[in-house]
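Taking it in order: structure first as structure tokens, then the write-up.
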There are 2 protein chains.
Amino acid sequence: MPDTITQSIQDYLKHIYELNEHGGSASTNDIAIRLNIAPASVTGMLQKLASATPPLVIYKKHQGVTLTKNGEKAALEVIRHHRLLETFLVTTLGYSWDEVHREADKLEHVISEDFEARMAEALGHPTRDPHGELIPTADLVMPVDESCPLASLRTDETATVRRVSDDDPALLRHLREIGVVPEVKIVVKSYSEFDGNLTLQVEGQKSNVVLGTAVTSQVFVDK
Amino acid sequence: MPDTITQSIQDYLKHIYELNEHGGSASTNDIAIRLNIAPASVTGMLQKLASATPPLVIYKKHQGVTLTKNGEKAALEVIRHHRLLETFLVTTLGYSWDEVHREADKLEHVISEDFEARMAEALGHPTRDPHGELIPTADLVMPVDESCPLASLRTDETATVRRVSDDDPALLRHLREIGVVPEVKIVVKSYSEFDGNLTLQVEGQKSNVVLGTAVTSQVFVDK
DNA sequence: AATAAAATTTAGGCTAGACTAAATTTTACA
DNA sequence: TGTAAAATTTAGTCTAGCCTAAATTTTATT
């Protein structure tokens, strides 16, 4: 492991992990935006992470970074903390799913391994957090996610909501209101070529709902 | 309030508060020992805290520091966090009373006011933590503590254990074993002039126990 | 009261992790 | 394929909070 993995480094690794999940390598700019710091600051840190012993990222000038095995383990540790904490806060302290993110973002860096283990135990070793996101296992393996964006469905397709993006509290409140939450079944009644709107029938809801891509791109389903 | 109250500053204030409780002002050295840093570093921080706007401590060269009203409020906020967290960890995650201190020391700096309020609510607004220490109220008032050291009792006196010092896990485990925990009644069967040993009859325990001052000075009772 | 020991402060330095401004490289597009 | 825009890196600063060594003040002891 590197000299020490600070809270700041944990944040870098977590966001690089998430960026790596989508497009291959994480760009300086994207990292800077997510961490809300100047791009120049990111460059400095990436160089440091790349030359740590052992290296936490693979970095080539002007080409962004990828996590090494070590970097990924450290990232998954933080992500596991985060998602267990979100679950814990909801079930134990009655937080709603749009309130947990900020709190977990701070706590994830300071809880002990013992705390992590006790939470997992108390929660019955959950595999998903309140937003349906997969929780890395205790030995730091991220389960495979099969889900696809709701936006990719077309008329008459049916699916089960699996997870929703957790970083916009307002969106989360809206989704809760219209019943679009994990494990709920939906049917696509129609699709609009022009704006990408989907008209959905949501399990347990009396009337259909029309959602734009700003929403449907943030909701993931299993067909 | 000062520019920002960092985690480091919170730690200073917390320890100064505790030192102020005993002897009047907190000395540079005592603070350095508690924080495990060099005395010279403490001097620097004290000067900074004294010239913050508003000042958090009153500092006179070579004479230690006292908290201002603002400094005390900030200290009590941290102490309230700490003691609520200890209680929460014990009741919710099954921690034992000798394990909670370290965890609470990290968490106390990062939880939100919302988290604090939810814990207090979930725990039924407790007034003491698992070690019997008083929890500052939500409006940051420290309740008055009437208890006196067990070491000050003499033969035939009876008392109720109110609280025990929480910073030595080994001592805590020992006290738990011999049944010396908050709310338990004890009777002093004998006192030794020479070594200060007390022979105690502890409520709920079959045989008496002999305790030295290293222990009896850390246990506080109400007569 | 002199002086040694202990406590404290001053002075100067270091590291982590951020910043801005300027230079450079890459990308996009006419 | 040349050039402008965007992205990235370099260079130089800054702050917080710690450090050591040396100087000073206080306290304790003879």
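Following the order of the structure tokens, chains are lettered A, B, ..., residues in each are numbered from 1, and ligands are numbered from 1.
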Query raised in the report: Could you name the residues that touch Glu86 in chain A at 8 Å or less, counting only C-alpha atoms (C1' of nucleotides), but leaving out those on the same chain fewer than 4 positions away, as an MDAnalysis selection string?
Result: chainID A and resid 82 90 97 100:101 104 129:130
Query raised in the report: Given a cut-off of 8 Å, which residues of chain A touch chain D, counting only C-alpha atoms (C1' of nucleotides), written out as a list in words?
Result: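 Close to chain D, chain A has Thr28, Asn29, Pro39, Ala40, Thr43 and His62 of chain A.
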Requested in this report: Measure the distance from C1' of DA16 in chain C to CA of Glu108 in chain B in Å and round it to one decimal.
Outcome: 23.1 Å
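The set of residues in range 54-104 of chain A assigned to strand (DSSP E or B) by DSSP, using only backbone atoms of this structure, is Val57, Ile58, Tyr59, Val65, Thr66 and Leu67 of chain A.
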Closest contacts (chain B/chain A, max 12 Å, only C-alpha atoms) as CSV:
```
residue,atom,partner,partner_atom,distance
B:Phe88,CA,A:Thr92,CA,10.5
B:Leu89,CA,A:Phe115,CA,9.0
B:Val90,CA,A:Arg118,CA,11.2
B:Thr91,CA,A:Thr92,CA,11.3
B:Thr92,CA,A:Thr92,CA,8.1
B:Leu93,CA,A:Arg118,CA,6.1
B:Gly94,CA,A:Arg118,CA,8.0
B:Tyr95,CA,A:Arg118,CA,8.7
B:Glu99,CA,A:Asp114,CA,9.9
B:Val100,CA,A:Phe115,CA,10.0
B:Arg102,CA,A:Ser112,CA,9.3
B:Glu103,CA,A:Ile111,CA,7.0
B:Ala104,CA,A:Ile111,CA,9.3
B:Asp105,CA,A:Val110,CA,9.7
B:Lys106,CA,A:Val110,CA,6.1
B:Leu107,CA,A:Val110,CA,6.5
B:Glu108,CA,A:Val110,CA,10.0
B:His109,CA,A:Val110,CA,9.6
B:Val110,CA,A:Lys106,CA,6.1
B:Ile111,CA,A:Glu103,CA,7.0
B:Ser112,CA,A:Glu103,CA,7.1
B:Glu113,CA,A:Glu103,CA,10.4
B:Asp114,CA,A:Glu103,CA,9.3
B:Phe115,CA,A:Glu103,CA,8.1
B:Glu116,CA,A:Leu93,CA,10.3
B:Ala117,CA,A:Leu93,CA,9.9
B:Arg118,CA,A:Leu93,CA,6.1
B:Met119,CA,A:Leu93,CA,7.0
B:Ala120,CA,A:Leu93,CA,10.1
B:Glu121,CA,A:Leu93,CA,9.0
B:Ala122,CA,A:Leu93,CA,7.0
B:Leu123,CA,A:Leu93,CA,10.2
```
Query raised in the report: Hey, what does DSSP flag as alpha helix (DSSP H) within range 90-220 of chain B? Can you give it to me as a PyMOL selection string?
Result: chain B and resi 90-93+100-107+113-122+169-177+213-216
Each residue of chain A lying at most 9 Å from chain C should get a row with its shortest atom-to-atom pair and the distance in Å to one decimal, counting only C-alpha atoms (C1' of nucleotides); could you produce that, ordered by chain and increasing number, as JSON lines?
```
{"residue": "A:Ser8", "atom": "CA", "partner": "C:DG17", "partner_atom": "C1'", "distance": 8.3}
{"residue": "A:Ile37", "atom": "CA", "partner": "C:DA18", "partner_atom": "C1'", "distance": 7.9}
{"residue": "A:Ala38", "atom": "CA", "partner": "C:DC19", "partner_atom": "C1'", "distance": 7.6}
{"residue": "A:Ala40", "atom": "CA", "partner": "C:DC19", "partner_atom": "C1'", "distance": 8.7}
{"residue": "A:Ser41", "atom": "CA", "partner": "C:DA18", "partner_atom": "C1'", "distance": 6.6}
{"residue": "A:Met45", "atom": "CA", "partner": "C:DG17", "partner_atom": "C1'", "distance": 8.3}
{"residue": "A:His62", "atom": "CA", "partner": "C:DT25", "partner_atom": "C1'", "distance": 7.6}
```
Test item: residues at most 10 Å from range 158-174 of chain A, only C-alpha atoms (C1' of nucleotides), excluding those fewer than 6 positions along its chain, as a compact mmCIF listing (two decimals) with all heavy atoms, in the first residue's frame:
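Below you can see out-v7.txt, which holds the result:
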```
# COMPACT_ATOMS: atom_id res chain seq x y z
N SER A 96 -34.51 9.46 4.61
CA SER A 96 -35.13 9.10 3.34
C SER A 96 -34.03 9.01 2.29
O SER A 96 -32.91 9.51 2.49
CB SER A 96 -36.19 10.12 2.94
OG SER A 96 -35.60 11.39 2.76
N TRP A 97 -34.34 8.37 1.18
CA TRP A 97 -33.26 8.03 0.24
C TRP A 97 -32.60 9.22 -0.43
O TRP A 97 -31.56 9.08 -1.05
CB TRP A 97 -33.71 6.97 -0.75
CG TRP A 97 -34.62 7.44 -1.86
CD1 TRP A 97 -35.33 8.58 -1.92
CD2 TRP A 97 -34.87 6.73 -3.07
NE1 TRP A 97 -36.03 8.64 -3.06
CE2 TRP A 97 -35.79 7.53 -3.80
CE3 TRP A 97 -34.46 5.52 -3.61
CZ2 TRP A 97 -36.26 7.14 -5.05
CZ3 TRP A 97 -34.94 5.14 -4.85
CH2 TRP A 97 -35.82 5.93 -5.56
N ASP A 98 -33.20 10.40 -0.34
CA ASP A 98 -32.57 11.59 -0.92
C ASP A 98 -31.70 12.32 0.09
O ASP A 98 -31.02 13.27 -0.24
CB ASP A 98 -33.64 12.54 -1.47
CG ASP A 98 -34.66 12.93 -0.39
OD1 ASP A 98 -35.35 12.02 0.11
OD2 ASP A 98 -34.75 14.12 -0.08
N GLU A 99 -31.69 11.87 1.34
CA GLU A 99 -30.92 12.58 2.37
C GLU A 99 -29.61 11.90 2.74
O GLU A 99 -28.77 12.51 3.40
CB GLU A 99 -31.77 12.68 3.65
CG GLU A 99 -33.04 13.48 3.51
CD GLU A 99 -33.92 13.35 4.75
OE1 GLU A 99 -33.99 12.24 5.32
OE2 GLU A 99 -34.54 14.35 5.13
N VAL A 100 -29.46 10.66 2.34
CA VAL A 100 -28.33 9.88 2.86
C VAL A 100 -26.99 10.14 2.19
O VAL A 100 -25.95 9.91 2.78
CB VAL A 100 -28.61 8.37 2.75
CG1 VAL A 100 -29.65 7.95 3.75
CG2 VAL A 100 -29.00 7.99 1.34
N HIS A 101 -27.04 10.65 0.97
CA HIS A 101 -25.81 10.73 0.19
C HIS A 101 -24.73 11.59 0.84
O HIS A 101 -23.59 11.16 1.00
CB HIS A 101 -26.12 11.24 -1.21
CG HIS A 101 -25.01 11.06 -2.18
ND1 HIS A 101 -24.56 9.81 -2.58
CD2 HIS A 101 -24.21 11.95 -2.81
CE1 HIS A 101 -23.56 9.97 -3.42
NE2 HIS A 101 -23.33 11.25 -3.58
N ARG A 102 -25.11 12.81 1.22
CA ARG A 102 -24.14 13.74 1.81
C ARG A 102 -23.55 13.18 3.10
O ARG A 102 -22.35 13.28 3.34
CB ARG A 102 -24.79 15.09 2.09
CG ARG A 102 -25.10 15.91 0.85
CD ARG A 102 -25.95 17.12 1.22
NE ARG A 102 -25.29 17.96 2.22
CZ ARG A 102 -24.45 18.94 1.92
NH1 ARG A 102 -24.16 19.21 0.65
NH2 ARG A 102 -23.91 19.67 2.86
N ARG A 128 -27.60 -4.62 -2.10
CA ARG A 128 -27.86 -3.33 -2.75
C ARG A 128 -28.19 -2.26 -1.71
O ARG A 128 -28.72 -2.56 -0.65
CB ARG A 128 -29.05 -3.45 -3.72
CG ARG A 128 -28.74 -4.32 -4.94
CD ARG A 128 -29.97 -4.47 -5.83
NE ARG A 128 -29.71 -5.32 -6.98
CZ ARG A 128 -29.23 -4.88 -8.14
NH1 ARG A 128 -29.00 -3.59 -8.32
NH2 ARG A 128 -29.01 -5.72 -9.14
N ASP A 129 -27.86 -1.00 -2.04
CA ASP A 129 -28.19 0.10 -1.14
C ASP A 129 -29.61 0.61 -1.45
O ASP A 129 -30.28 0.05 -2.32
CB ASP A 129 -27.11 1.19 -1.23
CG ASP A 129 -27.19 1.99 -2.53
OD1 ASP A 129 -28.19 1.89 -3.26
OD2 ASP A 129 -26.23 2.73 -2.81
N PRO A 130 -30.08 1.64 -0.77
CA PRO A 130 -31.48 2.07 -0.95
C PRO A 130 -31.79 2.54 -2.37
O PRO A 130 -32.96 2.57 -2.76
CB PRO A 130 -31.63 3.24 0.03
CG PRO A 130 -30.58 2.99 1.05
CD PRO A 130 -29.43 2.39 0.32
N HIS A 131 -30.77 2.91 -3.11
CA HIS A 131 -31.01 3.33 -4.50
C HIS A 131 -30.87 2.15 -5.46
O HIS A 131 -30.98 2.31 -6.67
CB HIS A 131 -30.01 4.42 -4.90
CG HIS A 131 -29.88 5.50 -3.89
ND1 HIS A 131 -28.83 5.57 -3.00
CD2 HIS A 131 -30.70 6.52 -3.57
CE1 HIS A 131 -29.00 6.60 -2.20
NE2 HIS A 131 -30.11 7.19 -2.51
N GLY A 132 -30.65 0.98 -4.91
CA GLY A 132 -30.51 -0.21 -5.74
C GLY A 132 -29.10 -0.45 -6.25
O GLY A 132 -28.84 -1.40 -6.97
N GLU A 133 -28.18 0.40 -5.84
CA GLU A 133 -26.81 0.21 -6.32
C GLU A 133 -26.14 -0.96 -5.61
O GLU A 133 -26.33 -1.16 -4.40
CB GLU A 133 -26.02 1.50 -6.14
CG GLU A 133 -26.51 2.55 -7.13
CD GLU A 133 -25.89 3.91 -6.90
OE1 GLU A 133 -26.01 4.43 -5.78
OE2 GLU A 133 -25.30 4.44 -7.83
N LEU A 134 -25.35 -1.70 -6.36
CA LEU A 134 -24.72 -2.90 -5.82
C LEU A 134 -23.64 -2.56 -4.80
O LEU A 134 -22.86 -1.62 -4.99
CB LEU A 134 -24.12 -3.73 -6.97
CG LEU A 134 -25.18 -4.44 -7.83
CD1 LEU A 134 -24.61 -4.83 -9.19
CD2 LEU A 134 -25.71 -5.66 -7.09
N ASP A 145 -23.22 -5.91 -12.77
CA ASP A 145 -24.49 -5.22 -12.94
C ASP A 145 -25.01 -5.45 -14.36
O ASP A 145 -24.36 -5.11 -15.34
CB ASP A 145 -24.29 -3.72 -12.71
CG ASP A 145 -25.57 -2.94 -12.91
OD1 ASP A 145 -26.65 -3.55 -12.83
OD2 ASP A 145 -25.48 -1.72 -13.13
N GLU A 146 -26.19 -6.04 -14.45
CA GLU A 146 -26.76 -6.39 -15.75
C GLU A 146 -27.70 -5.31 -16.30
O GLU A 146 -28.14 -5.38 -17.43
CB GLU A 146 -27.59 -7.69 -15.62
CG GLU A 146 -26.89 -8.82 -14.94
CD GLU A 146 -26.11 -9.69 -15.93
OE1 GLU A 146 -25.19 -9.14 -16.61
OE2 GLU A 146 -26.42 -10.88 -16.03
N SER A 147 -28.03 -4.36 -15.44
CA SER A 147 -29.10 -3.43 -15.82
C SER A 147 -28.72 -2.49 -16.95
O SER A 147 -27.54 -2.26 -17.22
CB SER A 147 -29.52 -2.62 -14.60
OG SER A 147 -28.46 -1.79 -14.20
N CYS A 148 -29.77 -1.96 -17.63
CA CYS A 148 -29.55 -1.01 -18.71
C CYS A 148 -30.41 0.21 -18.46
O CYS A 148 -31.36 0.17 -17.69
CB CYS A 148 -29.89 -1.65 -20.05
SG CYS A 148 -31.60 -2.16 -20.16
N PRO A 149 -30.08 1.33 -19.10
CA PRO A 149 -30.85 2.56 -18.86
C PRO A 149 -32.30 2.40 -19.28
O PRO A 149 -32.58 1.81 -20.33
CB PRO A 149 -30.15 3.59 -19.75
CG PRO A 149 -28.81 3.02 -20.05
CD PRO A 149 -28.98 1.54 -20.05
N LEU A 150 -33.18 2.90 -18.47
CA LEU A 150 -34.60 2.91 -18.82
C LEU A 150 -34.78 3.58 -20.18
O LEU A 150 -35.65 3.19 -20.98
CB LEU A 150 -35.37 3.66 -17.73
CG LEU A 150 -36.85 3.94 -17.96
CD1 LEU A 150 -37.60 2.65 -18.29
CD2 LEU A 150 -37.45 4.59 -16.72
N VAL A 180 -41.31 5.21 -8.96
CA VAL A 180 -40.22 4.56 -9.69
C VAL A 180 -39.07 4.28 -8.73
O VAL A 180 -38.16 5.11 -8.55
CB VAL A 180 -39.76 5.42 -10.89
CG1 VAL A 180 -38.57 4.76 -11.58
CG2 VAL A 180 -40.90 5.62 -11.87
N VAL A 181 -39.16 3.13 -8.07
CA VAL A 181 -38.16 2.74 -7.08
C VAL A 181 -37.73 1.30 -7.35
O VAL A 181 -38.43 0.58 -8.06
CB VAL A 181 -38.72 2.86 -5.65
CG1 VAL A 181 -39.13 4.30 -5.35
CG2 VAL A 181 -39.91 1.93 -5.47
N PRO A 182 -36.58 0.88 -6.81
CA PRO A 182 -36.06 -0.45 -7.11
C PRO A 182 -37.08 -1.56 -6.87
O PRO A 182 -37.88 -1.47 -5.93
CB PRO A 182 -34.87 -0.59 -6.16
CG PRO A 182 -34.37 0.80 -6.04
CD PRO A 182 -35.60 1.66 -6.02
N GLU A 183 -37.05 -2.55 -7.73
CA GLU A 183 -37.88 -3.77 -7.66
C GLU A 183 -39.31 -3.57 -8.17
O GLU A 183 -40.10 -4.52 -8.17
CB GLU A 183 -37.90 -4.37 -6.25
CG GLU A 183 -36.50 -4.64 -5.67
CD GLU A 183 -35.54 -5.29 -6.66
OE1 GLU A 183 -35.96 -6.20 -7.39
OE2 GLU A 183 -34.36 -4.87 -6.72
N VAL A 184 -39.63 -2.38 -8.60
CA VAL A 184 -40.97 -2.13 -9.15
C VAL A 184 -40.97 -2.46 -10.64
O VAL A 184 -39.99 -2.20 -11.34
CB VAL A 184 -41.38 -0.65 -8.92
CG1 VAL A 184 -42.40 -0.19 -9.97
CG2 VAL A 184 -41.93 -0.48 -7.51
N LYS A 185 -42.07 -3.05 -11.12
CA LYS A 185 -42.18 -3.41 -12.54
C LYS A 185 -42.80 -2.26 -13.32
O LYS A 185 -43.69 -1.59 -12.83
CB LYS A 185 -43.02 -4.66 -12.71
CG LYS A 185 -42.35 -5.93 -12.22
CD LYS A 185 -43.10 -7.18 -12.70
CE LYS A 185 -42.31 -8.44 -12.39
NZ LYS A 185 -41.83 -8.49 -10.98
N ILE A 186 -42.32 -2.08 -14.55
CA ILE A 186 -42.86 -1.02 -15.40
C ILE A 186 -43.11 -1.57 -16.81
O ILE A 186 -42.50 -2.55 -17.23
CB ILE A 186 -41.91 0.19 -15.49
CG1 ILE A 186 -40.49 -0.29 -15.89
CG2 ILE A 186 -41.83 0.94 -14.17
CD1 ILE A 186 -40.03 0.22 -17.19
N VAL A 187 -44.06 -0.92 -17.50
CA VAL A 187 -44.36 -1.26 -18.89
C VAL A 187 -44.27 0.02 -19.71
O VAL A 187 -44.80 1.05 -19.30
CB VAL A 187 -45.79 -1.84 -19.04
CG1 VAL A 187 -46.05 -2.27 -20.48
CG2 VAL A 187 -46.01 -2.99 -18.06
N VAL A 188 -43.56 -0.06 -20.84
CA VAL A 188 -43.47 1.11 -21.71
C VAL A 188 -44.70 1.15 -22.60
O VAL A 188 -44.91 0.26 -23.42
CB VAL A 188 -42.19 1.08 -22.58
CG1 VAL A 188 -42.16 2.29 -23.50
CG2 VAL A 188 -40.95 1.01 -21.70
N LYS A 189 -45.53 2.16 -22.44
CA LYS A 189 -46.76 2.27 -23.23
C LYS A 189 -46.49 2.98 -24.55
O LYS A 189 -47.14 2.70 -25.56
CB LYS A 189 -47.84 3.03 -22.45
CG LYS A 189 -48.12 2.45 -21.07
CD LYS A 189 -48.45 0.96 -21.12
CE LYS A 189 -49.86 0.71 -21.67
NZ LYS A 189 -50.20 -0.74 -21.61
N LEU A 200 -44.92 5.59 -19.27
CA LEU A 200 -44.78 4.35 -18.51
C LEU A 200 -46.00 4.04 -17.67
O LEU A 200 -46.66 4.93 -17.13
CB LEU A 200 -43.60 4.47 -17.53
CG LEU A 200 -42.22 4.71 -18.09
CD1 LEU A 200 -41.23 4.79 -16.94
CD2 LEU A 200 -41.84 3.61 -19.06
N GLN A 201 -46.25 2.74 -17.58
CA GLN A 201 -47.21 2.27 -16.59
C GLN A 201 -46.37 1.71 -15.45
O GLN A 201 -45.57 0.79 -15.66
CB GLN A 201 -48.08 1.18 -17.22
CG GLN A 201 -49.08 0.54 -16.28
CD GLN A 201 -49.75 -0.66 -16.95
OE1 GLN A 201 -50.21 -0.59 -18.09
NE2 GLN A 201 -49.78 -1.78 -16.25
N VAL A 202 -46.53 2.28 -14.28
CA VAL A 202 -45.72 1.87 -13.13
C VAL A 202 -46.54 1.02 -12.17
O VAL A 202 -47.62 1.44 -11.75
CB VAL A 202 -45.17 3.11 -12.39
CG1 VAL A 202 -44.31 2.69 -11.21
CG2 VAL A 202 -44.38 3.99 -13.35
N GLU A 203 -46.01 -0.11 -11.84
CA GLU A 203 -46.67 -1.03 -10.90
C GLU A 203 -47.11 -0.30 -9.64
O GLU A 203 -46.30 0.39 -9.01
CB GLU A 203 -45.69 -2.15 -10.55
CG GLU A 203 -46.25 -3.26 -9.69
CD GLU A 203 -45.17 -4.25 -9.28
OE1 GLU A 203 -43.98 -3.83 -9.21
OE2 GLU A 203 -45.49 -5.42 -9.05
N ALA A 214 -33.83 13.13 -19.35
CA ALA A 214 -33.08 13.58 -18.17
C ALA A 214 -33.36 12.64 -17.01
O ALA A 214 -32.50 12.42 -16.16
CB ALA A 214 -33.50 15.01 -17.80
N VAL A 215 -34.56 12.08 -17.01
CA VAL A 215 -34.92 11.14 -15.96
C VAL A 215 -34.60 9.70 -16.36
O VAL A 215 -33.95 8.97 -15.61
CB VAL A 215 -36.43 11.25 -15.62
CG1 VAL A 215 -36.83 10.16 -14.63
CG2 VAL A 215 -36.76 12.63 -15.08
N THR A 216 -35.02 9.32 -17.56
CA THR A 216 -34.89 7.91 -17.95
C THR A 216 -33.43 7.47 -18.12
O THR A 216 -33.13 6.28 -18.07
CB THR A 216 -35.66 7.62 -19.25
OG1 THR A 216 -35.20 8.48 -20.30
CG2 THR A 216 -37.15 7.82 -19.05
N SER A 217 -32.53 8.44 -18.29
CA SER A 217 -31.11 8.06 -18.41
C SER A 217 -30.50 7.79 -17.03
O SER A 217 -29.40 7.26 -16.93
CB SER A 217 -30.33 9.17 -19.12
OG SER A 217 -30.31 10.32 -18.31
N GLN A 218 -31.22 8.17 -15.97
CA GLN A 218 -30.70 8.00 -14.61
C GLN A 218 -31.32 6.81 -13.90
O GLN A 218 -31.03 6.54 -12.74
CB GLN A 218 -30.98 9.27 -13.79
CG GLN A 218 -30.42 10.54 -14.39
CD GLN A 218 -28.92 10.48 -14.53
OE1 GLN A 218 -28.22 10.08 -13.61
NE2 GLN A 218 -28.41 10.86 -15.69
N VAL A 219 -32.23 6.12 -14.60
CA VAL A 219 -32.90 4.97 -14.01
C VAL A 219 -32.46 3.72 -14.76
O VAL A 219 -32.43 3.71 -15.99
CB VAL A 219 -34.44 5.11 -14.10
CG1 VAL A 219 -35.13 3.85 -13.59
CG2 VAL A 219 -34.89 6.34 -13.32
N PHE A 220 -32.11 2.67 -14.03
CA PHE A 220 -31.60 1.46 -14.68
C PHE A 220 -32.51 0.28 -14.37
O PHE A 220 -32.98 0.12 -13.25
CB PHE A 220 -30.17 1.21 -14.25
CG PHE A 220 -29.25 2.33 -14.67
CD1 PHE A 220 -29.16 3.48 -13.90
CD2 PHE A 220 -28.55 2.27 -15.87
CE1 PHE A 220 -28.35 4.54 -14.30
CE2 PHE A 220 -27.74 3.32 -16.28
CZ PHE A 220 -27.64 4.47 -15.49
N VAL A 221 -32.72 -0.53 -15.41
CA VAL A 221 -33.70 -1.62 -15.28
C VAL A 221 -33.15 -2.95 -15.81
O VAL A 221 -32.19 -2.96 -16.58
CB VAL A 221 -34.99 -1.27 -16.07
CG1 VAL A 221 -35.57 0.04 -15.58
CG2 VAL A 221 -34.70 -1.22 -17.56
N ASP A 222 -33.78 -4.04 -15.37
CA ASP A 222 -33.51 -5.35 -15.96
C ASP A 222 -34.72 -5.72 -16.80
O ASP A 222 -35.85 -5.62 -16.33
CB ASP A 222 -33.34 -6.42 -14.85
CG ASP A 222 -31.91 -6.48 -14.36
OD1 ASP A 222 -31.08 -5.70 -14.87
OD2 ASP A 222 -31.64 -7.30 -13.47
N LYS A 223 -34.49 -6.13 -18.02
CA LYS A 223 -35.61 -6.52 -18.88
C LYS A 223 -36.15 -7.87 -18.47
O LYS A 223 -35.43 -8.72 -17.97
CB LYS A 223 -35.15 -6.56 -20.34
CG LYS A 223 -34.77 -5.19 -20.87
CD LYS A 223 -34.50 -5.23 -22.37
CE LYS A 223 -33.90 -3.91 -22.84
NZ LYS A 223 -33.55 -3.91 -24.27
```
Query raised in the report: Between CA of Gly71 in chain A and CA of Gln7 in chain A, what is the spacing in Å?
Result: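 Interatomic distance, CA of Gln7 in chain A to CA of Gly71 in chain A: 13.7 Å.
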Query raised in the report: Please, what distance in Å, to one decimal, runs between CA of Thr4 in chain B and CA of His81 in chain A?
Result: 27.1 Å
